[in-house]
Structures are given as C-alpha cells and as structure tokens.
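Coordinates as given in structure00.txt (compact mmCIF, C-alpha atoms):
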```txt
# COMPACT_ATOMS: atom_id res chain seq x y z
CA MET A 21 -40.68 -20.56 -23.04
CA GLU A 22 -42.49 -17.94 -25.14
CA THR A 23 -45.13 -17.58 -22.44
CA GLU A 24 -42.45 -16.91 -19.84
CA ASP A 25 -40.80 -14.31 -22.11
CA ARG A 26 -44.13 -12.58 -22.57
CA ARG A 27 -44.75 -12.56 -18.85
CA SER A 28 -41.26 -11.19 -18.26
CA ARG A 29 -41.76 -8.39 -20.80
CA TYR A 30 -45.18 -7.66 -19.37
CA GLN A 31 -43.74 -7.47 -15.85
CA GLN A 32 -40.96 -5.18 -17.07
CA LEU A 33 -43.57 -2.92 -18.67
CA ILE A 34 -45.54 -2.81 -15.42
CA ASP A 35 -42.38 -2.00 -13.48
CA VAL A 36 -41.57 0.85 -15.87
CA LEU A 37 -45.07 2.31 -15.66
CA ARG A 38 -45.32 1.86 -11.91
CA PRO A 39 -45.00 5.20 -10.07
CA GLU A 40 -41.80 5.78 -8.17
CA ALA A 41 -41.68 6.09 -4.42
CA LYS A 42 -42.81 9.31 -2.85
CA ALA A 43 -40.08 11.85 -2.47
CA ALA A 44 -39.20 13.53 0.78
CA PRO A 45 -41.45 16.42 1.88
CA LEU A 46 -40.57 19.75 0.29
CA SER A 47 -38.59 22.17 2.36
CA ARG A 48 -39.94 25.61 3.13
CA ARG A 49 -37.14 27.14 1.12
CA ALA A 50 -38.16 25.19 -2.01
CA VAL A 51 -41.82 26.18 -1.59
CA ARG A 52 -40.92 29.86 -1.13
CA THR A 53 -38.65 29.76 -4.17
CA ASP A 54 -41.40 28.32 -6.38
CA VAL A 55 -43.95 30.86 -5.14
CA VAL A 56 -41.58 33.79 -5.76
CA LEU A 57 -40.74 32.46 -9.24
CA ALA A 58 -44.40 32.03 -10.19
CA PHE A 59 -45.33 35.50 -8.88
CA ALA A 60 -42.43 37.18 -10.70
CA LEU A 61 -43.23 35.48 -14.02
CA THR A 62 -46.92 36.40 -13.64
CA VAL A 63 -46.08 40.07 -13.09
CA ILE A 64 -43.70 40.12 -16.07
CA ALA A 65 -46.20 38.27 -18.29
CA LEU A 66 -48.97 40.79 -17.45
CA PHE A 67 -46.62 43.69 -18.10
CA VAL A 68 -45.56 42.28 -21.49
CA ALA A 69 -49.17 41.50 -22.44
CA VAL A 70 -50.25 45.10 -21.69
CA ARG A 71 -47.20 46.99 -22.91
CA TYR A 72 -46.14 44.84 -25.86
CA PRO A 73 -49.18 42.94 -27.11
CA GLY A 74 -48.49 40.45 -29.87
CA ASP A 75 -44.73 40.60 -29.32
CA GLY A 76 -44.34 36.85 -29.14
CA PRO A 77 -41.99 34.25 -30.51
CA VAL A 78 -43.96 33.74 -33.71
CA ASP A 79 -45.62 35.98 -36.29
CA ILE A 80 -48.92 34.64 -37.51
CA ASN A 81 -49.75 37.64 -39.74
CA HIS A 82 -46.66 37.46 -41.92
CA PRO A 83 -46.77 38.99 -45.43
CA THR A 84 -47.90 36.76 -48.26
CA VAL A 85 -45.34 35.47 -50.74
CA ASP A 86 -45.62 35.69 -54.51
CA VAL A 87 -45.64 32.11 -55.81
CA GLY A 88 -43.91 32.97 -59.09
CA THR A 89 -41.04 35.08 -57.75
CA GLY A 90 -40.82 33.98 -54.15
CA VAL A 91 -40.70 37.63 -53.08
CA PRO A 92 -43.11 38.92 -50.45
CA ALA A 93 -46.03 40.58 -52.18
CA PRO A 94 -46.77 44.21 -51.33
CA PRO A 95 -49.89 44.88 -49.35
CA SER A 96 -52.98 45.44 -51.43
CA PRO A 97 -53.96 49.12 -51.86
CA PRO A 98 -57.01 50.33 -50.01
CA GLY A 99 -60.24 50.72 -51.94
CA PRO A 100 -61.37 54.08 -53.33
CA GLY A 101 -62.27 56.52 -50.64
CA ARG A 102 -60.72 54.35 -47.91
CA ALA A 103 -57.64 55.14 -45.89
CA PRO A 104 -55.16 52.37 -45.12
CA VAL A 105 -55.90 50.68 -41.81
CA GLU A 106 -53.12 49.40 -39.59
CA GLU A 107 -53.99 46.23 -37.71
CA GLU A 108 -53.34 46.49 -34.03
CA PRO A 109 -51.92 43.44 -32.39
CA SER A 110 -54.34 41.72 -30.07
CA SER A 111 -53.43 41.09 -26.45
CA ALA A 112 -54.18 37.87 -24.59
CA PRO A 113 -56.87 37.84 -21.88
CA TRP A 114 -55.45 38.56 -18.48
CA ALA A 115 -57.00 35.43 -16.99
CA LEU A 116 -55.16 33.20 -19.49
CA VAL A 117 -51.91 35.09 -18.90
CA VAL A 118 -52.19 34.54 -15.15
CA LEU A 119 -53.17 30.90 -15.64
CA SER A 120 -50.11 30.31 -17.84
CA THR A 121 -47.60 31.32 -15.15
CA LEU A 122 -49.10 31.40 -11.64
CA PRO A 123 -49.56 27.58 -11.33
CA LEU A 124 -45.77 27.27 -11.37
CA ALA A 125 -45.98 27.86 -7.62
CA ALA A 126 -46.85 24.14 -7.32
CA ARG A 127 -44.39 22.87 -9.92
CA ARG A 128 -42.73 20.41 -7.50
CA ARG A 129 -45.88 19.28 -5.74
CA TYR A 130 -48.01 18.53 -8.82
CA PRO A 131 -45.52 18.69 -11.71
CA LEU A 132 -47.38 16.70 -14.39
CA THR A 133 -50.77 18.32 -13.78
CA LEU A 134 -49.18 21.76 -13.73
CA PHE A 135 -47.46 21.17 -17.09
CA VAL A 136 -50.72 20.11 -18.72
CA VAL A 137 -52.47 23.24 -17.38
CA VAL A 138 -49.70 25.61 -18.47
CA LEU A 139 -49.43 24.01 -21.92
CA GLY A 140 -53.19 24.09 -22.47
CA THR A 141 -53.30 27.74 -21.48
CA ALA A 142 -50.40 28.58 -23.83
CA LEU A 143 -52.16 26.86 -26.72
CA ALA A 144 -55.34 28.76 -25.87
CA ILE A 145 -53.45 32.06 -25.97
CA GLY A 146 -52.15 31.17 -29.43
CA SER A 147 -50.56 33.94 -31.47
CA SER A 148 -50.79 36.36 -28.56
CA ALA A 149 -48.35 34.24 -26.51
CA SER A 150 -45.21 36.00 -25.38
CA TRP A 151 -41.77 34.65 -24.65
CA ILE A 152 -42.77 34.58 -20.98
CA THR A 153 -45.50 32.07 -21.87
CA VAL A 154 -43.00 29.90 -23.71
CA LEU A 155 -40.61 30.18 -20.75
CA ALA A 156 -43.40 29.03 -18.41
CA CYS A 157 -44.00 26.01 -20.66
CA VAL A 158 -40.28 25.17 -20.61
CA ILE A 159 -40.18 25.38 -16.79
CA GLY A 160 -43.31 23.25 -16.58
CA ALA A 161 -41.83 20.63 -18.94
CA TYR A 162 -38.60 20.53 -16.94
CA SER A 163 -40.51 20.14 -13.67
CA ALA A 164 -42.73 17.38 -15.09
CA VAL A 165 -39.77 15.24 -16.14
CA VAL A 166 -37.58 15.92 -13.09
CA TYR A 167 -40.11 15.87 -10.23
CA SER A 168 -43.01 13.69 -11.41
CA ARG A 169 -43.35 10.19 -9.97
CA TYR A 170 -44.73 9.10 -13.34
CA ARG A 171 -41.53 9.67 -15.31
CA ILE A 172 -42.50 7.68 -18.44
CA ALA A 173 -45.91 9.39 -18.55
CA ALA A 174 -44.20 12.78 -18.20
CA ILE A 175 -41.91 12.07 -21.16
CA ALA A 176 -44.89 10.89 -23.24
CA VAL A 177 -46.84 14.05 -22.38
CA LEU A 178 -43.80 16.14 -23.31
CA VAL A 179 -43.57 14.53 -26.77
CA ILE A 180 -47.30 15.08 -27.30
CA ALA A 181 -46.92 18.68 -26.16
CA ALA A 182 -44.12 19.29 -28.67
CA ALA A 183 -46.28 17.81 -31.45
CA LEU A 184 -49.28 19.94 -30.45
CA SER A 185 -47.13 23.08 -30.32
CA GLY A 186 -45.73 22.34 -33.77
CA PHE A 187 -49.24 21.80 -35.12
CA ALA A 188 -50.69 24.89 -33.45
CA PHE A 189 -47.97 27.15 -34.87
CA ARG A 190 -47.54 25.35 -38.19
CA ASN A 191 -48.40 28.50 -40.17
CA ALA A 192 -46.26 30.76 -38.06
CA GLU A 193 -42.90 32.24 -38.88
CA PRO A 194 -40.52 32.46 -35.92
CA VAL A 195 -39.07 35.83 -35.18
CA LEU A 196 -35.75 34.06 -34.55
CA PRO A 197 -34.38 31.15 -36.66
CA GLY A 198 -36.38 27.95 -36.96
CA TRP A 199 -34.73 26.23 -34.00
CA SER A 200 -36.55 28.67 -31.71
CA SER A 201 -40.01 27.28 -32.47
CA PRO A 202 -41.99 26.32 -29.32
CA GLY A 203 -42.05 22.61 -30.19
CA PHE A 204 -38.30 22.40 -30.60
CA VAL A 205 -37.73 24.37 -27.40
CA LEU A 206 -39.95 21.95 -25.48
CA LEU A 207 -38.09 18.93 -26.82
CA VAL A 208 -34.73 20.43 -25.88
CA ALA A 209 -36.05 21.24 -22.40
CA GLY A 210 -37.31 17.67 -22.04
CA MET A 211 -33.94 16.21 -23.08
CA LEU A 212 -32.10 18.38 -20.57
CA ALA A 213 -34.61 17.49 -17.87
CA SER A 214 -34.22 13.77 -18.66
CA LEU A 215 -30.46 14.13 -18.31
CA VAL A 216 -30.86 15.88 -14.96
CA ARG A 217 -33.30 13.21 -13.78
CA PHE A 218 -30.91 10.45 -14.85
CA LEU A 219 -28.05 12.06 -12.92
CA GLN A 220 -30.29 12.48 -9.87
CA LEU A 221 -31.30 8.82 -9.97
CA ARG A 222 -27.68 7.74 -10.32
CA LEU A 223 -26.71 9.91 -7.37
CA ALA A 224 -29.62 8.57 -5.28
CA SER A 225 -28.69 5.00 -6.23
CA SER A 226 -25.08 5.63 -5.20
CA ARG A 227 -26.22 7.09 -1.89
CA ASP A 228 -28.52 4.14 -1.24
CA ARG A 229 -25.75 1.69 -2.05
CA MET A 230 -23.37 3.55 0.24
CA THR A 231 -25.99 3.46 3.00
CA GLU A 232 -26.48 -0.28 2.48
CA LEU A 233 -22.74 -0.89 2.57
CA GLN A 234 -22.40 1.13 5.77
CA ALA A 235 -25.30 -0.77 7.33
CA ALA A 236 -23.77 -4.11 6.27
CA GLN A 237 -20.41 -3.05 7.69
CA GLU A 238 -22.00 -2.02 10.97
CA GLU A 239 -23.90 -5.32 11.12
CA THR A 240 -20.71 -7.27 10.43
CA THR A 241 -18.88 -5.31 13.11
CA ARG A 242 -21.70 -5.89 15.58
CA ARG A 243 -21.69 -9.63 14.91
CA ALA A 244 -17.91 -9.78 15.22
CA VAL A 245 -18.14 -7.99 18.57
CA GLU A 246 -20.85 -10.36 19.77
CA GLU A 247 -18.82 -13.40 18.69
CA GLU A 248 -15.74 -12.00 20.40
CA ARG A 249 -17.70 -11.33 23.56
CA ALA A 250 -19.04 -14.88 23.48
CA ARG A 251 -15.53 -16.25 22.98
CA ILE A 252 -14.19 -14.18 25.87
CA ALA A 253 -17.08 -15.31 28.07
CA ALA A 254 -16.39 -18.95 27.17
CA GLU A 255 -12.68 -18.60 27.91
CA LEU A 256 -13.30 -16.87 31.23
CA HIS A 257 -15.91 -19.45 32.16
CA ASP A 258 -13.53 -22.30 31.45
CA VAL A 259 -10.68 -20.63 33.32
CA VAL A 260 -12.52 -19.33 36.37
CA THR A 261 -15.34 -21.78 37.04
CA HIS A 262 -13.26 -24.85 37.74
CA ASN A 263 -10.68 -23.22 39.98
CA VAL A 264 -13.20 -21.11 41.89
CA SER A 265 -15.51 -24.09 42.42
CA VAL A 266 -12.63 -26.14 43.81
CA MET A 267 -11.53 -23.23 46.03
CA VAL A 268 -15.06 -22.72 47.42
CA ILE A 269 -15.44 -26.42 48.32
CA GLN A 270 -12.00 -26.59 49.91
CA ALA A 271 -12.65 -23.40 51.86
CA GLY A 272 -15.86 -24.91 53.21
CA ALA A 273 -14.05 -28.08 54.18
CA ALA A 274 -11.28 -26.09 55.89
CA ARG A 275 -13.86 -24.11 57.87
CA LYS A 276 -15.51 -27.29 59.14
CA VAL A 277 -12.29 -28.98 60.34
CA MET A 278 -10.39 -25.87 61.42
CA ASP A 279 -10.94 -26.50 65.11
CA THR A 280 -10.88 -30.30 65.19
CA ALA A 281 -8.22 -31.09 62.57
CA PRO A 282 -5.86 -28.14 62.04
CA GLU A 283 -3.55 -30.16 59.76
CA GLN A 284 -6.38 -31.01 57.33
CA SER A 285 -7.45 -27.36 57.42
CA LYS A 286 -3.90 -26.34 56.56
CA GLU A 287 -3.81 -28.73 53.60
CA ALA A 288 -7.11 -27.37 52.35
CA LEU A 289 -5.82 -23.80 52.57
CA LEU A 290 -2.69 -24.77 50.65
CA ALA A 291 -4.89 -26.34 47.98
CA ILE A 292 -6.91 -23.13 47.84
CA GLU A 293 -3.74 -21.14 47.37
CA ALA A 294 -2.56 -23.44 44.57
CA GLY A 295 -5.93 -23.22 42.83
CA GLY A 296 -5.90 -19.45 43.08
CA ARG A 297 -2.41 -19.27 41.58
CA ALA A 298 -3.47 -21.56 38.71
CA ALA A 299 -6.54 -19.43 38.06
CA MET A 300 -4.49 -16.22 38.03
CA ALA A 301 -1.95 -17.74 35.63
CA GLU A 302 -4.65 -18.80 33.18
CA LEU A 303 -6.41 -15.42 33.49
CA ARG A 304 -3.17 -13.60 32.70
CA HIS A 305 -2.72 -15.82 29.69
CA VAL A 306 -6.26 -15.26 28.37
CA MET A 307 -6.18 -11.50 28.96
CA GLY A 308 -2.78 -11.22 27.31
CA LEU A 309 -4.01 -13.04 24.21
CA LEU A 310 -7.18 -10.96 23.99
CA ALA A 311 -5.50 -7.59 24.54
CA ALA A 312 -2.60 -7.99 22.10
CA PRO A 313 -2.82 -8.11 18.28
CA ASP A 314 -1.95 -11.33 16.50
CA HIS A 315 1.52 -10.07 15.51
CA GLU A 316 2.30 -8.71 18.98
CA ARG A 317 1.70 -11.64 21.31
CA PRO A 318 3.39 -10.89 24.66
CA ASP A 319 6.31 -13.04 25.70
CA GLY A 320 6.45 -14.97 28.94
CA LEU A 321 2.87 -16.26 28.77
CA GLU A 322 2.21 -19.89 29.53
CA PRO A 323 0.75 -21.99 26.71
CA GLN A 324 -2.91 -22.89 26.70
CA PRO A 325 -3.60 -25.94 28.88
CA GLY A 326 -3.94 -29.38 27.35
CA LEU A 327 -3.82 -33.04 28.25
CA ALA A 328 -0.30 -32.49 29.60
CA GLN A 329 -1.96 -30.67 32.52
CA LEU A 330 -4.61 -33.38 32.99
CA ASP A 331 -2.83 -34.86 36.04
CA ALA A 332 -2.78 -31.46 37.79
CA LEU A 333 -6.47 -31.01 37.03
CA VAL A 334 -7.35 -34.42 38.44
CA ALA A 335 -5.23 -33.72 41.52
CA ARG A 336 -7.16 -30.53 42.27
CA VAL A 337 -10.47 -32.37 41.89
CA ARG A 338 -9.31 -35.15 44.21
CA ALA A 339 -8.14 -32.55 46.72
CA ALA A 340 -11.67 -31.13 46.68
CA GLY A 341 -13.00 -34.49 47.88
CA THR A 342 -14.10 -36.09 44.61
CA PRO A 343 -12.35 -39.40 43.78
CA VAL A 344 -11.45 -39.59 40.08
CA SER A 345 -10.26 -42.56 38.02
CA VAL A 346 -8.53 -41.80 34.73
CA GLY A 347 -7.91 -43.90 31.63
CA VAL A 348 -6.19 -42.28 28.66
CA SER A 349 -5.31 -43.87 25.33
CA LEU A 350 -4.24 -41.37 22.68
CA PRO A 351 -3.38 -41.82 19.00
CA PRO A 352 0.32 -42.25 18.17
CA ASP A 353 0.47 -38.85 16.49
CA PRO A 354 0.28 -35.82 18.82
CA LEU A 355 -2.99 -33.96 18.91
CA PRO A 356 -3.22 -30.51 17.30
CA PRO A 357 -3.13 -27.70 19.91
CA GLY A 358 -6.76 -26.76 19.30
CA VAL A 359 -8.03 -30.31 19.69
CA ASP A 360 -5.80 -30.82 22.73
CA LEU A 361 -7.29 -27.71 24.36
CA ALA A 362 -10.87 -28.78 23.47
CA VAL A 363 -10.39 -32.21 25.06
CA TYR A 364 -8.93 -30.64 28.20
CA ARG A 365 -11.86 -28.17 28.45
CA VAL A 366 -14.39 -31.00 28.11
CA VAL A 367 -12.82 -32.92 30.99
CA GLN A 368 -12.43 -29.73 33.05
CA GLU A 369 -16.06 -28.69 32.59
CA ALA A 370 -17.43 -32.16 33.35
CA LEU A 371 -15.38 -32.56 36.54
CA THR A 372 -16.27 -29.02 37.63
CA ASN A 373 -19.96 -29.85 37.25
CA THR A 374 -19.42 -33.02 39.29
CA ILE A 375 -17.88 -30.96 42.10
CA LYS A 376 -20.71 -28.40 41.99
CA HIS A 377 -23.75 -30.61 41.44
CA ALA A 378 -22.76 -34.07 42.70
CA ARG A 379 -20.88 -33.66 45.96
CA GLY A 380 -19.65 -36.95 47.29
CA ALA A 381 -19.81 -38.68 43.90
CA ARG A 382 -17.07 -40.69 42.28
CA ALA A 383 -15.98 -39.63 38.79
CA SER A 384 -14.41 -41.51 35.90
CA VAL A 385 -12.53 -40.03 32.91
CA THR A 386 -11.93 -42.12 29.79
CA ILE A 387 -10.15 -40.84 26.68
CA GLY A 388 -9.70 -43.21 23.74
CA TYR A 389 -9.83 -43.40 19.99
CA THR A 390 -11.12 -45.57 17.19
CA ASP A 391 -10.55 -45.54 13.45
CA ALA A 392 -13.41 -43.04 13.10
CA CYS A 393 -13.13 -40.62 15.98
CA LEU A 394 -11.52 -39.51 19.23
CA GLU A 395 -13.84 -40.23 22.18
CA ILE A 396 -13.97 -38.53 25.59
CA GLU A 397 -16.33 -39.78 28.30
CA ILE A 398 -16.73 -38.47 31.84
CA THR A 399 -19.22 -40.09 34.21
CA ASP A 400 -20.07 -39.74 37.88
CA THR A 401 -22.10 -41.78 40.33
CA GLY A 402 -24.37 -38.96 41.39
CA GLY A 403 -24.34 -36.79 44.49
CA ALA A 404 -25.77 -37.31 47.91
CA LYS A 405 -29.53 -37.11 48.20
CA ASP A 406 -29.38 -34.33 50.79
CA SER A 407 -26.91 -32.14 48.86
CA PRO A 408 -28.39 -28.69 48.09
CA PRO A 409 -29.11 -27.97 44.41
CA VAL A 410 -26.80 -25.59 42.61
CA GLN A 411 -28.11 -23.30 39.88
CA SER A 412 -26.45 -23.53 36.45
CA ASN A 413 -26.78 -21.20 33.45
CA GLY A 414 -25.79 -23.84 30.88
CA ARG A 415 -22.99 -21.66 29.48
CA GLY A 416 -20.41 -24.41 30.00
CA HIS A 417 -22.00 -26.98 27.70
CA MET A 418 -22.81 -24.27 25.17
CA GLY A 419 -19.19 -23.19 25.04
CA LEU A 420 -18.03 -26.81 24.69
CA ARG A 421 -20.37 -27.43 21.77
CA GLU A 422 -19.01 -24.32 20.04
CA ARG A 423 -15.43 -25.50 20.59
CA LEU A 424 -16.16 -28.97 19.25
CA ALA A 425 -18.13 -27.64 16.29
CA VAL A 426 -14.91 -26.09 14.97
CA TYR A 427 -13.58 -29.64 14.49
CA ARG A 428 -16.97 -31.10 13.44
CA GLY A 429 -17.26 -32.69 16.84
CA GLU A 430 -20.37 -33.21 18.97
CA LEU A 431 -21.23 -33.28 22.65
CA THR A 432 -23.93 -35.26 24.41
CA ALA A 433 -24.77 -34.98 28.10
CA GLY A 434 -27.44 -36.52 30.29
CA PRO A 435 -28.26 -38.65 33.34
CA THR A 436 -27.38 -42.32 33.60
CA PRO A 437 -29.74 -45.13 34.72
CA THR A 438 -27.91 -45.24 38.09
CA ASP A 439 -28.75 -41.57 38.93
CA GLY A 440 -25.34 -40.42 37.77
CA TYR A 441 -24.40 -38.15 34.91
CA ARG A 442 -22.47 -38.78 31.69
CA VAL A 443 -20.77 -36.34 29.29
CA THR A 444 -19.56 -37.75 25.96
CA ALA A 445 -17.66 -35.93 23.22
CA ARG A 446 -16.58 -37.23 19.83
CA ILE A 447 -14.19 -35.60 17.35
CA PRO A 448 -13.68 -37.13 13.87
CA ARG A 449 -10.19 -38.52 13.29
CA ASP A 450 -9.81 -36.63 10.00
CA ALA A 451 -10.11 -33.38 12.01
CA VAL A 452 -7.48 -34.48 14.51
```
Mind converting the file's structure to structure tokens?
Amino acid sequence: METEDRRSRYQQLIDVLRPEAKAAPLSRRAVRTDVVLAFALTVIALFVAVRYPGDGPVDINHPTVDVGTGVPAPPSPPGPGRAPVEEEPSSAPWALVVLSTLPLAARRRYPLTLFVVVLGTALAIGSSASWITVLACVIGAYSAVVYSRYRIAAIAVLVIAAALSGFAFRNAEPVLPGWSSPGFVLLVAGMLASLVRFLQLRLASSRDRMTELQAAQEETTRRAVEEERARIAAELHDVVTHNVSVMVIQAGAARKVMDTAPEQSKEALLAIEAGGRAAMAELRHVMGLLAAPDHERPDGLEPQPGLAQLDALVARVRAAGTPVSVGVSLPPDPLPPGVDLAVYRVVQEALTNTIKHARGARASVTIGYTDACLEIEITDTGGAKDSPPVQSNGRGHMGLRERLAVYRGELTAGPTPTDGYRVTARIPRDAV
C-alpha cells in the first residue's frame, strides 16, 4: 500500500513537472506588439540612462547614520587644502541597458529564457538600474509565468529571482516606501501573473469541455439519425418487399396466360390490384407514423399488421402460386402489439423469400408456444432446379433480428436436409 502511494505521488510530481502542450502559433499582431514594446522600452531606458544616470529605484550611497542618536551624520569635511568633491552618479553601460529591455521582443516565444536574461542583466547593472529596468523585469516575470510551458519551473525561477534581488539590494534604501523594493515588486508581479494563468487555464478547460459536449451531442445526433434511418429502411422493406414480390410474380403469370386463359389472367390482375392497395395502405401508415410527432399521431390510420391479418397474408401468397399450410396455437393471453407485429413480420419475410427464391415450393407456417418461449417456424420444400437465382441483400433477416432483439428473441435460418429452407424464431415467454 505504501509503495502504491509513493508511486502515485511520484507520478503526480512527474505530471506537474511535465511541460504543457504547445500553444497555438503566435499571431502577427502579437509579434508586432511585442517588438514595438521592446523597442519603446529600449529607447526610453537609453534616454533615462544618459539623461538621468543613477536615478533608479534604490539609493546605494545613502548618508551614514549616527549609531548613538540615530540621526544621519553630516558629511566629513574635506582635508586641508582640498575642495569638497561632489560624486557624480555613474551610468550603466549601454550594452547592458539594451540587453535588459530589447529581448522582450520574444517574451511570448521564449518567456522563461527571456526572464533569466533580463533579470541577470538587471542584477549586473546594479545600483545604476532605472525604473525602466525594473519594469522590464516585471514584464519578463509576468511573461514567464503566463506564457511558459514550464509553469512550475517559471514560478520557482520567480521566487529565486525575488530572493536574488533582495540580496543584491540589501544595503539599499528605496526612494519610495519599502514595498517598492525590486524583490517585492517581482513577487507581486508573479502572483498577478499566476492569477491570470489560472483564469486562462480555467477558461481553456471550459472551452475544451464545451467542445467535447458539442462533439458528444453531434455524435449522439448522428447515431440517432442512423438508427432512425435503419428503422425506416426496415419498415419500408417489410411493407414493400412482400407485396411487390407477389405483384411481380402474379404479373408474370398473367402475361403468360393472357392469350390462352383470359379468366386466369383477370384473376391475377385483380390479385395485383389488391396487393398494390395493401402496400399503399401500409406505406401510408408507416409514413404517417414517421412524419408526425408522438403526441400528434394522425387519425384514420390503420393499425400495424399482426396475426389478425395472417389469413390475408397467406391468401396473397397462395394467389402467387405458392401453397401454404398454417398451424397456429397461441397463448391464452393476447400478445402485446410489438410481439404481435414481430411475429407477423417473421412470417411475412419468410414467405416472401419463398416466393422470390423458391418458386414452385410448398411452404409451412407453424406458430406455437411452450412454458419457456413462443416459437415461430416457417419451412419450404425448395424451388425448382431450373428457377433463376434471385439476388438478396440480407436486409430482411437483419431487420428481423433487430426486431426480435428488443424482446430478447433470436432468429435462426438455414437450409434443410431436403434442399428446403427453414426460418425459426423464438421469443421468451416472460417478454410476451
């Protein structure tokens, strides 16, 4: 347990010290702003160094204090024959002045390195530093904390810089009150920069979370649309395929006997008309349900088909030339509408496939139940050997499996030993 805690703390330390991700490339406006700022501060620093040398934030050459009275001691008189000499303040070298401000042009690109350079130059200038030099250090400290990828290292460097500034000017008296010492100013700048960085990270985190939520919402919407499209495709397949298949076969039969047996041709055309009307009625029902919201279902629509329409379905299949035997044994309690529709669609799909792929076959439909499940079985004897093959996309069985999965049911389909085909579906009784 202790080993795991140590590893966890060690991993947390590594995560804290690990550099943050690279920021976006700087804009031209930001680069121009930094260059203009650095150039302006350099010009002002040179002007102050030449015009007002030694006019900095601290006074190294302050008057001595009398230990006994605490009153500043008067300057010592000059020696005999010597005139009093006024010390002229020294000015910082121009190279150091330029080096203390001009690197600010890259304060966002290399923030931590720039702060170290500016601070080292300011310490090298020493008592000749002006307020412009201190201002450059403050800007460098702010940039190091806000823009550096190594945020913890930047804060550590800032604390060290404040300590070094306090040590370098330990014997100095500030021109303004004590809170204006360079070390204190750097610490205040670092605190403000840390606050700004914290707010920036919070804002970036909020933006990332918003982006993730939008992406998740778009993904959810996309999946919902795909599921709805699949449901619509399954409904249209179930509605259209059976009726159209029956109509195509009856139309072919009518064409063959039109000249020799006009009465049979007339019966086939009437069956085609009836199938077309049934298909249109179911299509109107499906489209009405899909187009209207749940609380605005249109009136006058027929209910979804179920086992009550099984006789009409079998009659259409028989009219298409496929003999069908039916055996139905249902539980005493009525089936739920969803299960009733699923059973009807299984029988409809299996008989439609028999018409399409096994012309001339005999079909058998058996619906029964046990204590465990509701069973549906549709078999056929297989088509004629010379019947042309019909292509299938497998969407029918896929849609049936999705329907049955809602009720924890399963579908199996495959050939029989006698060259026929069998489709079996089972739905648990506790879901019925």
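The space separating atom CA of A:Ile387 from atom CA of A:Leu350 comes to 7.2 Å.
You will find atom CA of A:Pro45 at 27.4 Å from atom CA of A:Ala236.
With all atoms listed in the file as the atoms that count, the minimum distance from A:Leu134 to the choices A:Val158, A:Val385, A:Leu327, A:Ala433 is reached by A:Val158.
Pairwise distance (atom CA of A:Val118, atom CA of A:Leu66) equals 7.4 Å.
Among the candidate residues A:Ala224, A:Leu420, A:Met300, A:Val216, the one lying nearest to A:Ala370 is A:Leu420, with distances computed using all atoms listed in the file.
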Item to complete: Find the residues around A:Pro356 up to 12 Å (all atoms listed in the file counted), leave out those fewer than 2 positions away in its own chain, and share them as a list of chain:residue names.
Response: A:Gly326, A:Leu327, A:Pro351, A:Asp353, A:Pro354, A:Gly358, A:Val359, A:Asp360, A:Leu361, A:Ala362, A:Val363, A:Tyr427, A:Arg449, A:Asp450, A:Ala451, A:Val452
